[in-house]
>>> print(open('work.txt').read())   # compact mmCIF, C-alpha atoms
# COMPACT_ATOMS: atom_id res chain seq x y z
CA MET A 1 141.79 23.75 96.89
CA ASP A 2 143.29 25.65 99.83
CA MET A 3 147.05 25.31 100.09
CA ARG A 4 149.51 25.88 102.89
CA ILE A 5 151.89 28.63 101.88
CA SER A 6 154.83 30.39 103.48
CA VAL A 7 156.26 33.72 102.39
CA ILE A 8 159.86 34.33 103.41
CA GLY A 9 160.47 38.05 103.83
CA CYS A 10 157.65 40.39 104.85
CA GLY A 11 158.79 43.66 103.36
CA TYR A 12 156.94 45.41 100.57
CA LEU A 13 156.80 42.40 98.24
CA GLY A 14 156.36 39.68 100.85
CA ALA A 15 153.67 41.32 102.99
CA VAL A 16 151.55 42.12 99.96
CA HIS A 17 152.00 38.64 98.50
CA ALA A 18 151.13 36.96 101.80
CA ALA A 19 147.95 38.99 102.23
CA CYS A 20 146.88 38.38 98.63
CA MET A 21 147.51 34.62 98.86
CA ALA A 22 145.20 34.58 101.87
CA GLU A 23 142.64 36.50 99.84
CA LEU A 24 142.88 33.78 97.17
CA GLY A 25 141.87 31.25 99.81
CA HIS A 26 145.15 29.81 101.02
CA GLU A 27 146.47 29.34 104.55
CA VAL A 28 149.51 31.60 104.79
CA VAL A 29 152.36 32.22 107.21
CA GLY A 30 154.78 35.10 106.67
CA LEU A 31 158.29 34.85 108.10
CA ASP A 32 160.69 37.72 108.79
CA VAL A 33 163.53 38.47 111.22
CA ASP A 34 162.29 42.00 111.94
CA GLU A 35 160.38 41.66 115.20
CA ALA A 36 158.83 45.13 115.08
CA LYS A 37 157.51 44.55 111.56
CA ILE A 38 156.10 41.14 112.48
CA ALA A 39 154.44 42.61 115.58
CA LYS A 40 152.59 45.15 113.43
CA LEU A 41 151.60 42.64 110.77
CA SER A 42 150.38 40.21 113.42
CA GLN A 43 147.97 42.92 114.58
CA GLY A 44 146.74 43.38 111.03
CA ILE A 45 148.59 46.69 110.69
CA ALA A 46 150.44 47.51 107.47
CA PRO A 47 153.99 48.73 108.18
CA PHE A 48 153.97 50.85 105.02
CA ILE A 49 151.43 52.63 102.83
CA GLU A 50 149.85 50.50 100.11
CA GLN A 51 146.31 50.87 98.86
CA GLY A 52 144.09 47.95 99.83
CA LEU A 53 146.67 46.20 102.02
CA PRO A 54 145.35 47.30 105.45
CA GLU A 55 141.92 45.87 104.67
CA LEU A 56 143.34 42.51 103.56
CA LEU A 57 145.61 42.25 106.59
CA GLU A 58 142.83 43.09 109.03
CA LYS A 59 140.44 40.63 107.38
CA HIS A 60 142.72 37.62 107.11
CA VAL A 61 144.70 38.03 110.33
CA ALA A 62 141.38 38.18 112.17
CA SER A 63 140.14 35.03 110.43
CA GLY A 64 143.34 33.13 111.21
CA ARG A 65 143.99 32.42 107.55
CA LEU A 66 147.03 34.72 107.65
CA ARG A 67 149.66 34.87 110.38
CA PHE A 68 153.16 36.23 110.75
CA THR A 69 156.11 34.96 112.74
CA THR A 70 159.83 35.26 113.40
CA ASN A 71 160.05 31.53 114.17
CA PRO A 72 161.21 29.57 111.09
CA ALA A 73 159.89 26.32 112.52
CA GLU A 74 156.37 27.57 111.76
CA ILE A 75 156.89 27.28 108.00
CA SER A 76 157.57 23.54 108.12
CA GLU A 77 154.20 22.33 106.82
CA ALA A 78 153.93 24.63 103.80
CA GLN A 79 153.54 23.13 100.34
CA ILE A 80 154.89 26.24 98.63
CA HIS A 81 157.54 28.54 100.04
CA PHE A 82 157.67 31.92 98.29
CA ILE A 83 160.96 33.82 98.55
CA GLY A 84 160.15 37.53 98.71
CA VAL A 85 163.23 39.04 100.36
CA GLY A 86 165.07 42.11 99.14
CA THR A 87 168.06 42.13 96.82
CA PRO A 88 169.52 45.61 97.44
CA GLN A 89 172.47 47.04 95.59
CA GLN A 90 175.80 46.03 97.09
CA GLN A 91 177.58 48.73 99.03
CA GLY A 92 179.99 50.48 96.68
CA ARG A 93 179.22 48.15 93.76
CA LEU A 94 176.62 47.75 91.02
CA GLY A 95 175.69 44.13 91.72
CA ALA A 96 172.80 42.79 93.79
CA ASP A 97 173.37 41.73 97.40
CA MET A 98 172.16 38.13 97.61
CA THR A 99 172.59 37.77 101.37
CA TYR A 100 168.88 37.65 102.15
CA VAL A 101 168.06 35.24 99.33
CA ASN A 102 170.79 32.86 100.47
CA GLN A 103 169.53 33.06 104.06
CA ALA A 104 165.97 32.35 102.90
CA VAL A 105 167.10 29.25 100.97
CA ALA A 106 169.05 27.97 103.98
CA THR A 107 165.99 28.49 106.21
CA ILE A 108 163.75 26.56 103.82
CA ILE A 109 166.22 23.69 103.53
CA GLU A 110 166.45 23.42 107.29
CA HIS A 111 162.74 23.66 108.09
CA ALA A 112 160.77 22.46 105.05
CA ASN A 113 158.89 19.24 105.57
CA PRO A 114 156.84 17.77 102.71
CA PRO A 115 153.22 17.78 103.94
CA GLN A 116 152.16 14.88 101.74
CA ALA A 117 154.16 11.86 100.61
CA ASP A 118 153.05 12.24 96.99
CA LYS A 119 153.69 15.99 96.77
CA PRO A 120 157.15 17.52 97.08
CA VAL A 121 157.78 20.92 98.57
CA LEU A 122 157.96 23.74 96.02
CA VAL A 123 160.14 26.80 96.46
CA ALA A 124 158.95 29.69 94.28
CA GLY A 125 161.37 32.58 93.92
CA LYS A 126 159.80 36.02 93.54
CA SER A 127 162.79 38.22 94.41
CA THR A 128 164.56 39.98 91.55
CA VAL A 129 167.89 38.17 91.19
CA PRO A 130 170.82 38.00 88.76
CA VAL A 131 170.27 35.49 85.97
CA GLY A 132 171.81 32.15 86.95
CA THR A 133 170.69 32.38 90.58
CA ALA A 134 167.86 29.88 90.15
CA GLU A 135 170.14 27.15 88.83
CA ALA A 136 172.45 27.59 91.82
CA ILE A 137 169.52 27.48 94.26
CA ALA A 138 168.10 24.39 92.55
CA ALA A 139 171.45 22.66 93.01
CA ASP A 140 171.47 23.55 96.71
CA LEU A 141 167.94 22.22 97.12
CA ALA A 142 168.83 18.98 95.34
CA ALA A 143 171.90 18.55 97.55
CA SER A 144 169.78 18.91 100.70
CA GLY A 145 168.46 15.37 100.36
CA LYS A 146 164.88 16.64 100.76
CA ASP A 147 162.22 16.41 98.07
CA ILE A 148 162.26 20.13 97.26
CA ILE A 149 161.95 21.56 93.77
CA LEU A 150 162.31 25.11 92.51
CA ALA A 151 160.32 27.39 90.23
CA TRP A 152 160.98 31.05 89.50
CA ASN A 153 157.88 33.21 89.63
CA PRO A 154 158.89 36.89 89.22
CA GLU A 155 156.76 39.71 90.61
CA PHE A 156 155.56 42.70 88.60
CA LEU A 157 154.21 44.99 91.29
CA ARG A 158 153.69 48.72 90.99
CA GLU A 159 153.78 50.57 94.29
CA GLY A 160 150.34 51.97 94.96
CA TYR A 161 148.76 49.17 92.90
CA ALA A 162 150.50 46.12 94.37
CA VAL A 163 147.37 44.43 95.72
CA GLN A 164 145.60 44.86 92.41
CA ASP A 165 148.67 43.63 90.52
CA THR A 166 148.84 40.48 92.67
CA LEU A 167 145.15 39.57 92.65
CA THR A 168 144.51 40.52 89.00
CA PRO A 169 147.95 40.44 87.34
CA ASP A 170 148.49 41.30 83.69
CA ARG A 171 150.59 38.12 83.35
CA ILE A 172 152.00 35.27 85.39
CA VAL A 173 155.42 33.80 84.60
CA TYR A 174 156.73 30.39 85.65
CA GLY A 175 160.39 29.51 85.31
CA LEU A 176 160.52 25.71 85.49
CA PRO A 177 163.25 23.04 85.67
CA GLU A 178 164.58 21.60 82.40
CA ASP A 179 163.46 18.15 83.55
CA HIS A 180 159.91 18.19 82.20
CA ALA A 181 158.59 15.62 84.68
CA VAL A 182 159.79 17.74 87.60
CA GLY A 183 158.65 20.88 85.83
CA ASP A 184 155.15 19.46 85.42
CA VAL A 185 154.92 18.90 89.17
CA ALA A 186 156.03 22.48 89.87
CA LYS A 187 153.57 23.84 87.30
CA ALA A 188 150.70 21.87 88.81
CA LEU A 189 151.40 23.31 92.26
CA LEU A 190 151.63 26.87 90.94
CA ASP A 191 148.49 26.38 88.85
CA GLU A 192 146.67 25.32 92.00
CA CYS A 193 148.01 28.32 93.87
CA TYR A 194 147.01 30.78 91.13
CA ALA A 195 143.79 29.01 90.16
CA THR A 196 141.64 32.14 90.60
CA PRO A 197 143.57 34.58 88.36
CA LEU A 198 144.26 31.83 85.81
CA ALA A 199 140.55 30.99 85.63
CA ALA A 200 139.88 34.69 85.02
CA GLY A 201 142.04 34.53 81.90
CA THR A 202 145.36 35.93 83.13
CA PRO A 203 148.01 35.13 80.49
CA LEU A 204 150.51 32.50 81.61
CA VAL A 205 154.05 32.36 80.25
CA VAL A 206 155.98 29.16 80.96
CA ALA A 207 159.74 29.30 80.43
CA ASN A 208 163.02 28.02 81.82
CA TYR A 209 164.86 29.48 84.80
CA PRO A 210 167.04 32.07 83.03
CA THR A 211 164.16 33.43 80.96
CA ALA A 212 161.98 33.89 84.04
CA GLU A 213 164.84 35.61 85.88
CA LEU A 214 165.41 37.96 82.95
CA VAL A 215 161.77 38.99 82.54
CA LYS A 216 161.65 41.40 85.49
CA VAL A 217 165.01 43.08 84.88
CA ALA A 218 164.31 43.30 81.15
CA ALA A 219 160.96 44.97 81.82
CA ASN A 220 162.47 47.41 84.31
CA SER A 221 165.33 48.19 81.94
CA PHE A 222 162.89 48.96 79.14
CA LEU A 223 160.82 51.27 81.35
CA ALA A 224 163.94 53.00 82.66
CA THR A 225 165.14 53.48 79.08
CA LYS A 226 161.82 55.03 78.06
CA ILE A 227 161.90 57.46 81.00
CA SER A 228 165.50 58.44 80.31
CA PHE A 229 164.75 58.85 76.60
CA ILE A 230 162.09 61.48 77.26
CA ASN A 231 164.38 63.16 79.79
CA ALA A 232 167.10 63.30 77.13
CA MET A 233 164.52 64.97 74.88
CA ALA A 234 163.85 67.41 77.72
CA GLU A 235 167.51 68.41 77.62
CA LEU A 236 167.19 69.11 73.89
CA CYS A 237 164.01 71.08 74.49
CA ASP A 238 165.79 73.21 77.07
CA ALA A 239 168.54 73.91 74.55
CA THR A 240 166.17 74.75 71.70
CA GLY A 241 163.09 76.28 73.30
CA GLY A 242 160.91 73.23 72.75
CA ASP A 243 158.28 71.89 75.12
CA VAL A 244 158.88 68.27 76.08
CA THR A 245 155.30 67.78 77.27
CA ARG A 246 153.93 68.58 73.80
CA LEU A 247 156.69 66.48 72.24
CA ALA A 248 155.75 63.51 74.43
CA GLU A 249 152.08 63.97 73.63
CA ALA A 250 152.80 63.97 69.90
CA ILE A 251 155.02 60.89 69.80
CA GLY A 252 152.82 59.05 72.30
CA TYR A 253 149.95 58.92 69.83
CA ASP A 254 152.05 56.47 67.85
CA ASP A 255 150.72 53.16 69.17
CA ARG A 256 154.17 51.64 68.79
CA ILE A 257 155.37 54.11 71.44
CA GLY A 258 152.40 54.97 73.65
CA HIS A 259 152.07 57.69 76.28
CA LYS A 260 152.98 55.69 79.38
CA PHE A 261 156.35 56.46 80.99
CA LEU A 262 156.86 59.53 78.78
CA GLY A 263 156.66 62.02 81.63
CA ALA A 264 159.86 64.07 81.75
CA GLY A 265 160.99 65.38 85.11
CA ILE A 266 163.52 64.68 87.83
CA GLY A 267 163.81 61.03 86.83
CA PHE A 268 162.99 57.65 88.28
CA GLY A 269 163.84 56.23 91.68
CA GLY A 270 162.42 53.77 94.17
CA GLY A 271 163.45 50.33 95.31
CA CYS A 272 163.45 48.62 91.91
CA LEU A 273 164.43 50.46 88.73
CA PRO A 274 167.74 52.05 89.79
CA LYS A 275 169.22 49.04 91.56
CA ASP A 276 167.82 46.53 89.05
CA ILE A 277 169.39 48.13 85.98
CA ARG A 278 172.72 48.44 87.80
CA ALA A 279 172.63 44.80 88.89
CA PHE A 280 171.70 43.83 85.31
CA MET A 281 174.78 45.64 84.01
CA ALA A 282 176.97 44.00 86.64
CA ARG A 283 175.68 40.53 85.78
CA ALA A 284 176.17 41.12 82.07
CA GLY A 285 179.79 41.96 82.81
CA GLU A 286 180.22 38.74 84.78
CA LEU A 287 178.81 36.81 81.82
CA GLY A 288 181.13 38.53 79.37
CA VAL A 289 178.33 40.27 77.47
CA ASP A 290 178.58 43.70 79.07
CA GLN A 291 178.50 45.40 75.65
CA ALA A 292 174.89 44.23 75.25
CA LEU A 293 173.84 46.53 78.10
CA THR A 294 176.21 49.46 77.58
CA PHE A 295 173.19 51.64 76.78
CA LEU A 296 171.96 51.21 80.35
CA ARG A 297 174.95 53.17 81.62
CA GLU A 298 173.72 56.16 79.66
CA VAL A 299 170.16 55.53 80.86
CA ASP A 300 171.42 55.70 84.45
CA THR A 301 173.54 58.76 83.71
CA ILE A 302 170.68 60.68 82.08
CA ASN A 303 168.46 59.84 85.04
CA LEU A 304 170.95 61.15 87.59
CA ARG A 305 171.61 64.23 85.45
CA ARG A 306 167.99 65.32 85.86
CA ARG A 307 168.59 65.72 89.57
CA ASP A 308 171.52 68.03 88.77
CA HIS A 309 169.24 70.02 86.47
CA ALA A 310 166.68 70.57 89.22
CA ILE A 311 169.41 71.95 91.49
CA ASN A 312 170.66 74.19 88.67
CA LEU A 313 167.14 75.56 88.22
CA ALA A 314 166.97 76.37 91.94
CA GLU A 315 170.26 78.24 91.68
CA GLU A 316 169.01 80.10 88.62
CA ALA A 317 165.80 81.06 90.40
CA VAL A 318 167.65 82.67 93.34
CA GLY A 319 170.31 84.33 91.21
CA GLY A 320 173.18 81.92 91.82
CA ARG A 321 173.87 81.25 95.50
CA LEU A 322 171.63 78.99 97.53
CA VAL A 323 173.16 79.87 100.91
CA GLY A 324 170.49 81.29 103.21
CA LYS A 325 167.71 80.96 100.62
CA LYS A 326 164.54 79.26 101.78
CA ILE A 327 163.33 76.47 99.51
CA ALA A 328 159.97 74.83 100.07
CA VAL A 329 160.07 71.21 98.87
CA LEU A 330 156.67 69.71 98.15
CA GLY A 331 156.86 65.92 98.23
CA ILE A 332 159.82 63.75 99.21
CA THR A 333 158.81 60.18 98.32
CA PHE A 334 159.94 58.72 95.00
CA LYS A 335 156.32 58.71 93.76
CA PRO A 336 152.91 59.65 95.20
CA ASP A 337 150.64 57.25 97.10
CA THR A 338 153.53 55.62 98.97
CA ASP A 339 155.76 56.44 101.93
CA ASP A 340 158.78 54.86 100.20
CA LEU A 341 161.96 56.96 100.33
CA ARG A 342 164.27 54.40 98.72
CA ASP A 343 166.45 56.09 96.11
CA SER A 344 164.01 58.98 95.98
CA PRO A 345 165.12 61.68 93.50
CA ALA A 346 163.25 64.22 95.60
CA LEU A 347 165.13 63.29 98.76
CA ASP A 348 168.46 63.30 96.94
CA ILE A 349 167.78 66.76 95.49
CA ALA A 350 166.67 68.11 98.88
CA SER A 351 169.74 66.70 100.62
CA ARG A 352 172.06 68.29 98.07
CA LEU A 353 170.29 71.65 98.32
CA TRP A 354 170.71 71.50 102.10
CA ALA A 355 174.40 70.65 101.68
CA ARG A 356 174.80 73.81 99.57
CA GLY A 357 173.46 75.98 102.36
CA ALA A 358 169.80 76.31 101.44
CA GLU A 359 167.24 76.54 104.22
CA LEU A 360 164.78 73.76 103.46
CA ALA A 361 161.18 73.27 104.51
CA ILE A 362 159.99 69.85 103.34
CA VAL A 363 156.42 68.55 103.42
CA ASP A 364 155.04 65.18 102.42
CA PRO A 365 151.61 63.75 103.30
CA ALA A 366 152.92 60.22 103.81
CA ALA A 367 156.63 60.32 104.65
CA GLY A 368 156.95 63.54 106.67
CA HIS A 369 157.08 61.68 109.99
CA ILE A 370 159.59 59.17 108.59
CA LEU A 371 161.87 61.97 107.39
CA ARG A 372 161.74 63.67 110.79
CA GLU A 373 163.03 60.50 112.41
CA ARG A 374 165.72 59.77 109.82
CA ARG A 375 166.91 63.31 109.20
CA PRO A 376 166.43 65.43 112.31
CA ASP A 377 168.79 67.96 110.70
CA LEU A 378 166.09 68.84 108.14
CA THR A 379 163.06 71.03 108.75
CA VAL A 380 159.86 69.12 108.07
CA PRO A 381 156.79 71.23 108.87
CA GLU A 382 153.33 69.75 109.33
CA THR A 383 151.57 71.92 106.75
CA VAL A 384 152.12 73.27 103.26
CA GLU A 385 151.47 76.78 104.55
CA GLU A 386 154.36 76.52 107.03
CA ALA A 387 156.66 75.28 104.29
CA LEU A 388 155.71 78.06 101.88
CA ASP A 389 156.00 80.85 104.45
CA GLY A 390 158.79 83.19 103.32
CA ALA A 391 160.07 80.83 100.61
CA ASP A 392 162.36 82.10 97.85
CA VAL A 393 161.68 79.02 95.70
CA VAL A 394 158.97 76.36 95.73
CA MET A 395 159.96 72.98 94.26
CA LEU A 396 157.27 70.42 93.43
CA LEU A 397 159.23 67.16 93.46
CA THR A 398 156.57 64.50 94.09
CA PRO A 399 153.22 64.97 92.34
CA TRP A 400 150.90 64.39 95.27
CA LYS A 401 147.36 65.57 94.48
CA GLU A 402 147.51 67.88 97.48
CA TYR A 403 150.28 69.84 95.76
CA THR A 404 149.34 69.62 92.09
CA GLN A 405 145.95 71.14 92.94
CA LEU A 406 147.29 74.13 94.88
CA ASP A 407 145.82 77.47 93.81
CA PRO A 408 148.80 79.63 92.70
CA ALA A 409 146.95 82.88 93.36
CA GLU A 410 145.89 81.78 96.83
CA ILE A 411 149.38 80.81 98.00
CA LEU A 412 151.21 83.72 96.34
CA PRO A 413 151.09 85.96 99.47
CA LEU A 414 152.81 83.26 101.53
CA VAL A 415 156.14 83.31 99.68
CA ASP A 416 158.83 85.97 99.52
CA THR A 417 159.65 85.38 95.85
CA PRO A 418 157.17 83.57 93.59
CA ASN A 419 159.42 81.02 91.88
CA ILE A 420 157.94 77.59 91.16
CA ILE A 421 160.04 74.67 89.89
CA ASP A 422 157.79 71.98 88.49
CA GLY A 423 159.98 68.90 88.86
CA ARG A 424 157.33 66.62 87.36
CA ASN A 425 155.85 68.85 84.62
CA VAL A 426 152.38 68.44 86.09
CA LEU A 427 151.39 72.09 86.59
CA ASN A 428 149.81 74.49 84.12
CA PRO A 429 152.57 77.01 83.30
CA GLN A 430 150.19 79.72 82.10
CA GLN A 431 147.98 79.44 85.17
CA TRP A 432 150.96 79.94 87.45
CA ALA A 433 152.43 82.72 85.31
CA ASP A 434 149.10 84.54 85.19
CA ALA A 435 149.00 84.37 89.00
CA GLY A 436 152.37 86.15 89.19
CA TRP A 437 154.80 83.26 89.45
CA THR A 438 157.96 82.58 87.47
CA TYR A 439 157.54 79.01 86.28
CA TYR A 440 160.45 76.64 85.67
CA GLY A 441 159.73 73.30 84.02
CA MET A 442 161.87 70.31 83.11
CA GLY A 443 162.29 70.70 79.37
CA ARG A 444 159.61 73.39 79.17
CA GLY A 445 161.81 76.45 79.58
CA VAL A 446 161.02 79.41 81.84
CA ALA A 447 157.40 80.47 81.42
CA THR A 448 156.32 84.00 82.31
CA TRP A 449 153.44 84.32 79.81
>>> encode(input="work.txt", output="structure tokens")
Amino acid sequence: MDMRISVIGCGYLGAVHAACMAELGHEVVGLDVDEAKIAKLSQGIAPFIEQGLPELLEKHVASGRLRFTTNPAEISEAQIHFIGVGTPQQQGRLGADMTYVNQAVATIIEHANPPQADKPVLVAGKSTVPVGTAEAIAADLAASGKDIILAWNPEFLREGYAVQDTLTPDRIVYGLPEDHAVGDVAKALLDECYATPLAAGTPLVVANYPTAELVKVAANSFLATKISFINAMAELCDATGGDVTRLAEAIGYDDRIGHKFLGAGIGFGGGCLPKDIRAFMARAGELGVDQALTFLREVDTINLRRRDHAINLAEEAVGGRLVGKKIAVLGITFKPDTDDLRDSPALDIASRLWARGAELAIVDPAAGHILRERRPDLTVPETVEEALDGADVVMLLTPWKEYTQLDPAEILPLVDTPNIIDGRNVLNPQQWADAGWTYYGMGRGVATW
């Protein structure tokens, strides 16, 4: 049965969720305060790069099944209100900034209107929040005097695969109220909303509020730990002459470990992992169990240390001083197939190289135009050839296919000094060395064979 749904917050999470709910057959309205973003979405234009999203927006905006607005009054008839706003890291602190979540809850309380007498309004939280948030929101909803109940329904989206992850998720999690009668009502509404993926056999995990809140941060903490573990091994490989890529291959064949997230390099970034593990640590401290997550401090430290290592390799490649040396930076987003620059290791490394006096030429197939607007002090050429021209060092920092498939022999004449720093360990060291380059890997040593 088609449902009326609102999605509060139309950023990365919210816009994707709204479009996918329309694809599942529901009538959806997305609400955001950003007028420019809403104007684009209302024309069926995606405000960021995400595979499959433009097609869904164009299809469902045109049909009228999906619309976007800045007017909160337009969410009043929704049966389910999804909260998909951001929870960024607080300025100068580790904890999550809950400003947008609190504003979303206040908006729902003010404007929600139960569409049917026998069905209450359901608020479904998708934002990543500190554990304990749901109970506080549930209390606010109860105090409103309206028949509004709360479920927590965390998201597990991977940038570049977010549409796929929403339409065909690997699991769905419901965090329900302790009152089983109320919880049954919430579950029935969510079951109706997710009828298609549930009918396809998607595993469903039903839990209480705190468990559902912990699922996303626990998953992100585990992935961050795995990435930092292999980067710690890269440090040992650098010290001993080992090759971390072969090490990762060998241990990854153990099915208890697996190969995923064992790619050593310049570390993780983006809008989720860094801020989520820091907020998790902060919340653990507030709860008096900070020792349980002490290991995450080292995870974060190892991750940031890889950025230092990349800069050290650049200094080594040019003989010490970066001042006046031209460095071509290939890729600036935190991962390929997105234009997301949030907490990008590549951008951080480039900014620090520039601060040390290096002459940068940065290219990126998706975020080049964004970087030109945000950092007019940086040189962002249109083509790889312009970036490579006269370079003393080439640094591959985001593994876009356009860069991983470059022919080292073909581009050799463009540079002044053939130094390649493979920040993601995705190149073939021997191929580059045979073409005349000095290859620097992350935990792979200096290859000239």
>>> residues_around(input="work.txt", residues="region 67-69 of chain A", least_positions_apart="6", cutoff="7 Å", atoms="all atoms listed in the file", output="ChimeraX atom specification")
/A:28-32,38,41-42,61
>>> residues_near_point(input="work.txt", point="(158.3, 16.2, 100.3)", cutoff="12 Å", atoms="all atoms listed in the file", output="ChimeraX atom specification")
/A:76-80,109,111-123,141-142,144-149,185
>>> closest_residue(input="work.txt", among="A:Ile5, A:Lys325, A:Phe82, A:Gly443", to="Leu247 (chain A)", atoms="only C-alpha atoms")
A:Gly443
>>> closest_residue(input="work.txt", among="A:Ser344, A:Val426, A:Ile327, A:Cys10", to="Leu378 (chain A)", atoms="all atoms listed in the file")
A:Ile327
>>> residues_around(input="work.txt", residues="Ala19 (chain A)", least_positions_apart="3", cutoff="8 Å", atoms="all atoms listed in the file", output="NGL selection string")
:A and (15-16 or 22-23 or 28 or 53 or 56-57 or 60 or 66)
>>> decode(input="work.txt", residues="region 21-41 of chain A", atoms="N, CA and C atoms", output="CSV table (one decimal), in the first residue's frame")
chain,number,residue,atom,x,y,z
A,21,MET,N,12.4,5.9,-1.6
A,21,MET,CA,11.0,5.7,-1.0
A,21,MET,C,10.0,5.9,-2.1
A,22,ALA,N,10.2,6.9,-3.0
A,22,ALA,CA,9.3,7.1,-4.1
A,22,ALA,C,9.4,5.9,-5.1
A,23,GLU,N,10.6,5.4,-5.3
A,23,GLU,CA,10.8,4.2,-6.1
A,23,GLU,C,10.1,3.0,-5.6
A,24,LEU,N,10.0,2.9,-4.3
A,24,LEU,CA,9.3,1.8,-3.6
A,24,LEU,C,7.7,2.0,-3.7
A,25,GLY,N,7.3,3.1,-4.2
A,25,GLY,CA,5.9,3.3,-4.5
A,25,GLY,C,5.2,4.2,-3.5
A,26,HIS,N,5.9,4.9,-2.7
A,26,HIS,CA,5.3,5.8,-1.7
A,26,HIS,C,5.2,7.3,-2.3
A,27,GLU,N,4.4,8.1,-1.7
A,27,GLU,CA,4.2,9.5,-2.0
A,27,GLU,C,5.1,10.2,-1.0
A,28,VAL,N,6.1,10.9,-1.5
A,28,VAL,CA,7.2,11.5,-0.7
A,28,VAL,C,7.4,13.0,-0.8
A,29,VAL,N,7.6,13.6,0.3
A,29,VAL,CA,8.0,15.1,0.3
A,29,VAL,C,9.3,15.2,1.1
A,30,GLY,N,10.2,15.8,0.5
A,30,GLY,CA,11.5,16.1,1.2
A,30,GLY,C,11.6,17.6,1.6
A,31,LEU,N,12.0,17.8,2.9
A,31,LEU,CA,12.0,19.1,3.5
A,31,LEU,C,13.5,19.5,3.8
A,32,ASP,N,13.8,20.7,3.5
A,32,ASP,CA,15.2,21.2,3.8
A,32,ASP,C,15.1,22.7,3.9
A,33,VAL,N,16.0,23.3,4.6
A,33,VAL,CA,16.0,24.8,4.7
A,33,VAL,C,16.9,25.4,3.6
A,34,ASP,N,17.7,24.6,2.9
A,34,ASP,CA,18.6,25.1,1.9
A,34,ASP,C,17.8,25.3,0.6
A,35,GLU,N,17.5,26.6,0.3
A,35,GLU,CA,16.7,26.9,-0.9
A,35,GLU,C,17.3,26.5,-2.2
A,36,ALA,N,18.6,26.7,-2.3
A,36,ALA,CA,19.3,26.3,-3.6
A,36,ALA,C,19.2,24.8,-3.8
A,37,LYS,N,19.4,24.1,-2.7
A,37,LYS,CA,19.4,22.6,-2.9
A,37,LYS,C,18.0,22.1,-3.2
A,38,ILE,N,17.0,22.7,-2.6
A,38,ILE,CA,15.6,22.3,-2.9
A,38,ILE,C,15.2,22.7,-4.3
A,39,ALA,N,15.7,23.8,-4.8
A,39,ALA,CA,15.4,24.3,-6.2
A,39,ALA,C,16.0,23.2,-7.2
A,40,LYS,N,17.2,22.7,-6.9
A,40,LYS,CA,17.7,21.7,-7.8
A,40,LYS,C,16.9,20.4,-7.8
A,41,LEU,N,16.7,20.0,-6.5
A,41,LEU,CA,16.0,18.7,-6.4
A,41,LEU,C,14.6,18.8,-7.0
